[in-house]
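Enquirer: Just dropping this structure here.
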Amino acid sequence: MTQTTTRTWTEVKTPRKAAIPEGLWLRCPECSQMIYRKQMEANLHVCPECQHHFRIGAAERVAQLCDAGSFEAMFAGLAPTDPLGFRDLKDYPDRLIAEQVKTGAPDAIKAGTCFIKGRQAMLCCLDLHFMMGSMGSVVGETITRAIETATERDLPLIIVSCSGGARMQESGLSLMQMAKTSAALARFDDKNGLFISVLTDPTTGGVTASFSMLGDIIFAEPKALIGFAGPRVIQQTIRQELPEGFQRSEYLLEAGIVDRVVPRSQLRNEIARVIDFAGK
């Protein structure tokens, strides 16, 4: 006579599923494909499936454009203040501290000299991660000093714009940066300086209405939103349907506002080619 044994549920061990680290995969907002994050980052933060260009910060932009180890930061000691005592949902100083802790930067810009494929240049990159790359007094002053340094040293100037516009917490002071940067560029042009403006997603508001559209050559990344007011505001104002792709890079290229739409992987080559062509 055979004996049978029974096992209780506590004696049965089920294999545990290996935990997937959070953030290892992400969904592309353009094609909805799941992307391995490290693969996307190795591809210059561009979707390998549909070539959607993800938004990146100033530090990533500097690393992508500059020759390794060549970037020398300048004007890093400039820090924003609160001359207006501005308060919206929170005090402006508290908002600034939170953004500085999040990004590790004093404001929404990195600037300095560098080499791009062996060509020395002055580079400014706005940082969308710091208050949407908004232009306050520090951003305007940093860009102005970078323009003046490029003028003195006869260096080509590259500004990578990525901004929601002027910083409302600094009111009229932020608007004055539009005039200040534009005047500095006029003096730079008088000295036959070369200014390459690179527009990325998004470039809007007071940044579009000032230095970003004053380049001798204007490059734009694919499908970048570029304009002063947003398309929804414009449509509500004129009460008409807007053309497909309105305010995107490709639309502005056809309108003659942008000189060339350049994928991120080709940007270094195109900048170096223009510098050589200009004899800088």
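Residue numbers start at 1 in each chain; chains themselves are named A, B, ... in the order of the structure tokens; ligands are numbered from 1 in the order shown.
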Which neighbours of Thr103 in chain A fall inside 12 Å, counting only C-alpha atoms, when residues of the same chain fewer than 6 positions from it are skipped, and could you give them as an NGL selection string?

Expert: :A and (56-60 or 96-97 or 109-110 or 127-133)

Enquirer: Mind running range 180-240 of chain A against range 267-278 of chain A at 9 Å and telling me each contacting residue's nearest atom pair with the distance in Å (one decimal), counting only C-alpha atoms, chain and number ascending, as JSON lines?

Expert:
```
{"residue": "A:Leu194", "atom": "CA", "partner": "A:Ala278", "partner_atom": "CA", "distance": 7.4}
{"residue": "A:Ile196", "atom": "CA", "partner": "A:Ile271", "partner_atom": "CA", "distance": 7.6}
{"residue": "A:Ile217", "atom": "CA", "partner": "A:Val274", "partner_atom": "CA", "distance": 8.3}
{"residue": "A:Phe219", "atom": "CA", "partner": "A:Leu267", "partner_atom": "CA", "distance": 8.6}
{"residue": "A:Glu221", "atom": "CA", "partner": "A:Leu267", "partner_atom": "CA", "distance": 8.7}
```

Enquirer: Filtering to N, CA and C atoms, could you give me those residues as a PDB file, in the first residue's frame?

Expert:
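Output below, filename again_31.pdb:
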```
ATOM      1  N   LEU A 194      31.164  86.268 -35.923  1.00  0.00           N
ATOM      2  CA  LEU A 194      30.291  85.204 -36.433  1.00  0.00           C
ATOM      3  C   LEU A 194      29.415  84.690 -35.304  1.00  0.00           C
ATOM      4  N   ILE A 196      26.425  81.999 -34.528  1.00  0.00           N
ATOM      5  CA  ILE A 196      25.610  80.846 -34.933  1.00  0.00           C
ATOM      6  C   ILE A 196      24.557  80.623 -33.857  1.00  0.00           C
ATOM      7  N   ILE A 217      23.879  82.741 -38.925  1.00  0.00           N
ATOM      8  CA  ILE A 217      23.350  81.449 -39.375  1.00  0.00           C
ATOM      9  C   ILE A 217      22.432  80.941 -38.272  1.00  0.00           C
ATOM     10  N   PHE A 219      20.424  77.659 -37.069  1.00  0.00           N
ATOM     11  CA  PHE A 219      20.111  76.243 -37.153  1.00  0.00           C
ATOM     12  C   PHE A 219      18.939  75.942 -36.219  1.00  0.00           C
ATOM     13  N   GLU A 221      16.835  72.352 -34.449  1.00  0.00           N
ATOM     14  CA  GLU A 221      16.661  70.905 -34.359  1.00  0.00           C
ATOM     15  C   GLU A 221      15.310  70.510 -34.946  1.00  0.00           C
TER      16      GLU A 221
END
```

Enquirer: Tell me which protein, DNA and RNA residues are within 8 Å of range 162-173 of chain A, counting only C-alpha atoms, leaving out same-chain ones fewer than 3 positions away, and put them as a list in words.

Expert: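 So, after excluding close chain neighbours, the residues are Asp82, Pro83, Leu84, Phe86, Arg87, Tyr92, Cys125, Leu126, Asp127, Leu128, Met132, Gly133, Ser134, Met135, Gly136, Ser137, Met176, Gln177, Leu199, Thr200, Asp201, Pro202, Thr203, Thr204, Gly205, Gly206, Val207 and Thr208 of chain A.
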
Enquirer: Could you please determine the separation between CA of Leu242 in chain A and CA of Glu30 in chain A in Å, to one decimal place?

Expert: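 Calculated distance between CA of Leu242 in chain A and CA of Glu30 in chain A is 20.6 Å.
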
Enquirer: I need the residues of range 61-203 of chain A that end up classed as helix (DSSP H, G or I) by DSSP on the backbone, written out as number ranges by chain.

Expert: A: 61-65, 92-103, 131-133, 137-153, 168-190

Enquirer: Could you give me, as a VMD selection string, the residues within 12 Å of Tyr251 in chain A, counting only C-alpha atoms and dropping anything in the same chain fewer than 5 positions from it?

Expert: chain A and resid 220 222 to 227 242 to 246 256 to 261

Enquirer: Kindly save the residues from that selection, with N, CA and C atoms included, as a compact mmCIF listing (two decimals), in the first residue's frame.

Expert:
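Once written, selection01.txt looks like this:
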```txt
# COMPACT_ATOMS: atom_id res chain seq x y z
N ALA A 220 18.20 74.89 -36.52
CA ALA A 220 17.13 74.43 -35.64
C ALA A 220 17.10 72.91 -35.62
N PRO A 222 15.19 69.27 -35.41
CA PRO A 222 13.93 68.83 -36.04
C PRO A 222 12.72 68.98 -35.11
N LYS A 223 11.65 69.51 -35.68
CA LYS A 223 10.33 69.62 -35.02
C LYS A 223 10.36 70.46 -33.75
N ALA A 224 11.33 71.34 -33.62
CA ALA A 224 11.39 72.22 -32.46
C ALA A 224 10.28 73.27 -32.54
N LEU A 225 9.64 73.56 -31.40
CA LEU A 225 8.64 74.62 -31.33
C LEU A 225 9.36 75.96 -31.20
N ILE A 226 9.13 76.85 -32.17
CA ILE A 226 9.83 78.13 -32.22
C ILE A 226 8.82 79.23 -32.51
N GLY A 227 8.75 80.23 -31.66
CA GLY A 227 7.82 81.32 -31.89
C GLY A 227 7.78 82.26 -30.71
N LEU A 242 -4.75 77.12 -37.88
CA LEU A 242 -3.36 77.31 -38.26
C LEU A 242 -2.90 76.17 -39.17
N PRO A 243 -1.93 76.44 -40.05
CA PRO A 243 -1.42 75.38 -40.93
C PRO A 243 -0.79 74.25 -40.13
N GLU A 244 -0.78 73.07 -40.68
CA GLU A 244 -0.17 71.93 -40.01
C GLU A 244 1.33 72.17 -39.85
N GLY A 245 1.83 71.88 -38.65
CA GLY A 245 3.25 72.09 -38.38
C GLY A 245 3.62 73.53 -38.11
N PHE A 246 2.63 74.39 -37.89
CA PHE A 246 2.87 75.81 -37.65
C PHE A 246 3.80 75.99 -36.45
N GLY A 256 11.71 80.69 -44.62
CA GLY A 256 12.96 81.43 -44.72
C GLY A 256 13.44 82.02 -43.42
N ILE A 257 12.84 81.64 -42.30
CA ILE A 257 13.25 82.19 -41.00
C ILE A 257 14.43 81.41 -40.43
N VAL A 258 14.47 80.12 -40.71
CA VAL A 258 15.56 79.24 -40.28
C VAL A 258 16.39 78.86 -41.50
N ASP A 259 17.71 78.82 -41.33
CA ASP A 259 18.58 78.50 -42.47
C ASP A 259 18.67 77.00 -42.74
N ARG A 260 18.65 76.21 -41.69
CA ARG A 260 18.76 74.77 -41.89
C ARG A 260 18.24 74.04 -40.66
N VAL A 261 17.54 72.93 -40.90
CA VAL A 261 17.13 72.03 -39.83
C VAL A 261 18.19 70.93 -39.73
```

Enquirer: Can you measure CA of Gly118 in chain A to CA of Asp67 in chain A for me? One decimal in Å is fine.

Expert: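 About the pair CA of Gly118 in chain A and CA of Asp67 in chain A: they are 7.2 Å apart.
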
Enquirer: Which polymer residues have any atom within 7 Å of an atom of Tyr36 in chain A, counting only C-alpha atoms, with same-chain residues fewer than 5 positions away left out, as a VMD selection string?

Expert: chain A and resid 24 to 26

Enquirer: Contacts of range 146-155 of chain A at 9 Å or less, counting only C-alpha atoms, minus same-chain residues fewer than 5 places along, as a PyMOL selection string?

Expert: chain A and resi 74-75+111-113+120-124+141+181+184-185+187-189+191-194+280

Enquirer: Dump N, CA and C atoms for the selected residues as a PDB file, in the first residue's frame?

Expert:
```pdb
ATOM      1  N   MET A  74      32.680  80.083 -17.685  1.00  0.00           N
ATOM      2  CA  MET A  74      32.920  81.488 -17.346  1.00  0.00           C
ATOM      3  C   MET A  74      31.657  82.078 -16.726  1.00  0.00           C
ATOM      4  N   PHE A  75      31.833  83.132 -15.962  1.00  0.00           N
ATOM      5  CA  PHE A  75      30.736  83.908 -15.375  1.00  0.00           C
ATOM      6  C   PHE A  75      29.870  83.064 -14.425  1.00  0.00           C
ATOM      7  N   ALA A 111      27.921  79.017 -19.783  1.00  0.00           N
ATOM      8  CA  ALA A 111      28.668  79.741 -20.800  1.00  0.00           C
ATOM      9  C   ALA A 111      30.150  79.560 -20.572  1.00  0.00           C
ATOM     10  N   GLY A 112      30.896  79.570 -21.661  1.00  0.00           N
ATOM     11  CA  GLY A 112      32.338  79.452 -21.552  1.00  0.00           C
ATOM     12  C   GLY A 112      32.977  79.225 -22.900  1.00  0.00           C
ATOM     13  N   THR A 113      34.295  79.174 -22.911  1.00  0.00           N
ATOM     14  CA  THR A 113      35.025  78.884 -24.145  1.00  0.00           C
ATOM     15  C   THR A 113      35.175  77.378 -24.288  1.00  0.00           C
ATOM     16  N   GLN A 120      38.096  76.768 -31.860  1.00  0.00           N
ATOM     17  CA  GLN A 120      37.795  77.463 -30.602  1.00  0.00           C
ATOM     18  C   GLN A 120      36.579  78.354 -30.774  1.00  0.00           C
ATOM     19  N   ALA A 121      35.737  78.398 -29.758  1.00  0.00           N
ATOM     20  CA  ALA A 121      34.503  79.182 -29.836  1.00  0.00           C
ATOM     21  C   ALA A 121      34.036  79.572 -28.446  1.00  0.00           C
ATOM     22  N   MET A 122      33.127  80.542 -28.409  1.00  0.00           N
ATOM     23  CA  MET A 122      32.414  80.908 -27.189  1.00  0.00           C
ATOM     24  C   MET A 122      31.039  80.251 -27.267  1.00  0.00           C
ATOM     25  N   LEU A 123      30.684  79.524 -26.234  1.00  0.00           N
ATOM     26  CA  LEU A 123      29.433  78.753 -26.246  1.00  0.00           C
ATOM     27  C   LEU A 123      28.547  79.139 -25.069  1.00  0.00           C
ATOM     28  N   CYS A 124      27.254  79.382 -25.348  1.00  0.00           N
ATOM     29  CA  CYS A 124      26.244  79.595 -24.308  1.00  0.00           C
ATOM     30  C   CYS A 124      25.120  78.598 -24.532  1.00  0.00           C
ATOM     31  N   GLU A 141      22.743  88.902 -18.506  1.00  0.00           N
ATOM     32  CA  GLU A 141      24.092  89.402 -18.221  1.00  0.00           C
ATOM     33  C   GLU A 141      25.155  88.402 -18.679  1.00  0.00           C
ATOM     34  N   THR A 181      21.100  92.284 -24.717  1.00  0.00           N
ATOM     35  CA  THR A 181      21.765  91.257 -25.520  1.00  0.00           C
ATOM     36  C   THR A 181      21.783  91.636 -26.996  1.00  0.00           C
ATOM     37  N   ALA A 184      24.493  94.225 -27.615  1.00  0.00           N
ATOM     38  CA  ALA A 184      25.821  93.592 -27.591  1.00  0.00           C
ATOM     39  C   ALA A 184      26.089  92.853 -28.901  1.00  0.00           C
ATOM     40  N   LEU A 185      25.059  92.215 -29.454  1.00  0.00           N
ATOM     41  CA  LEU A 185      25.222  91.524 -30.730  1.00  0.00           C
ATOM     42  C   LEU A 185      25.451  92.501 -31.881  1.00  0.00           C
ATOM     43  N   ARG A 187      27.124  95.316 -31.641  1.00  0.00           N
ATOM     44  CA  ARG A 187      28.542  95.679 -31.554  1.00  0.00           C
ATOM     45  C   ARG A 187      29.427  94.527 -32.046  1.00  0.00           C
ATOM     46  N   PHE A 188      29.013  93.306 -31.728  1.00  0.00           N
ATOM     47  CA  PHE A 188      29.732  92.113 -32.193  1.00  0.00           C
ATOM     48  C   PHE A 188      29.715  92.048 -33.721  1.00  0.00           C
ATOM     49  N   ASP A 189      28.579  92.376 -34.314  1.00  0.00           N
ATOM     50  CA  ASP A 189      28.456  92.366 -35.772  1.00  0.00           C
ATOM     51  C   ASP A 189      29.307  93.460 -36.405  1.00  0.00           C
ATOM     52  N   LYS A 191      32.120  94.322 -35.519  1.00  0.00           N
ATOM     53  CA  LYS A 191      33.489  93.814 -35.539  1.00  0.00           C
ATOM     54  C   LYS A 191      33.616  92.561 -36.422  1.00  0.00           C
ATOM     55  N   ASN A 192      32.571  92.310 -37.243  1.00  0.00           N
ATOM     56  CA  ASN A 192      32.558  91.161 -38.154  1.00  0.00           C
ATOM     57  C   ASN A 192      32.607  89.822 -37.423  1.00  0.00           C
ATOM     58  N   GLY A 193      31.975  89.781 -36.258  1.00  0.00           N
ATOM     59  CA  GLY A 193      31.907  88.527 -35.517  1.00  0.00           C
ATOM     60  C   GLY A 193      30.937  87.550 -36.159  1.00  0.00           C
ATOM     61  N   LEU A 194      31.164  86.268 -35.923  1.00  0.00           N
ATOM     62  CA  LEU A 194      30.291  85.204 -36.433  1.00  0.00           C
ATOM     63  C   LEU A 194      29.415  84.690 -35.304  1.00  0.00           C
ATOM     64  N   LYS A 280      36.944  81.772 -39.417  1.00  0.00           N
ATOM     65  CA  LYS A 280      37.199  82.109 -38.021  1.00  0.00           C
ATOM     66  C   LYS A 280      38.072  81.052 -37.342  1.00  0.00           C
TER      67      LYS A 280
END
```

Enquirer: Might you pull out every residue within 8 Å of Val138 in chain A, with only C-alpha atoms counted and same-chain residues fewer than 4 positions away left off, and present them as an NGL selection string?

Expert: :A and (78-80 or 107 or 142)

Enquirer: Rounded to one decimal, what separation in Å do you get between CA of Ala229 in chain A and CA of Ala179 in chain A?

Expert: 18.6 Å
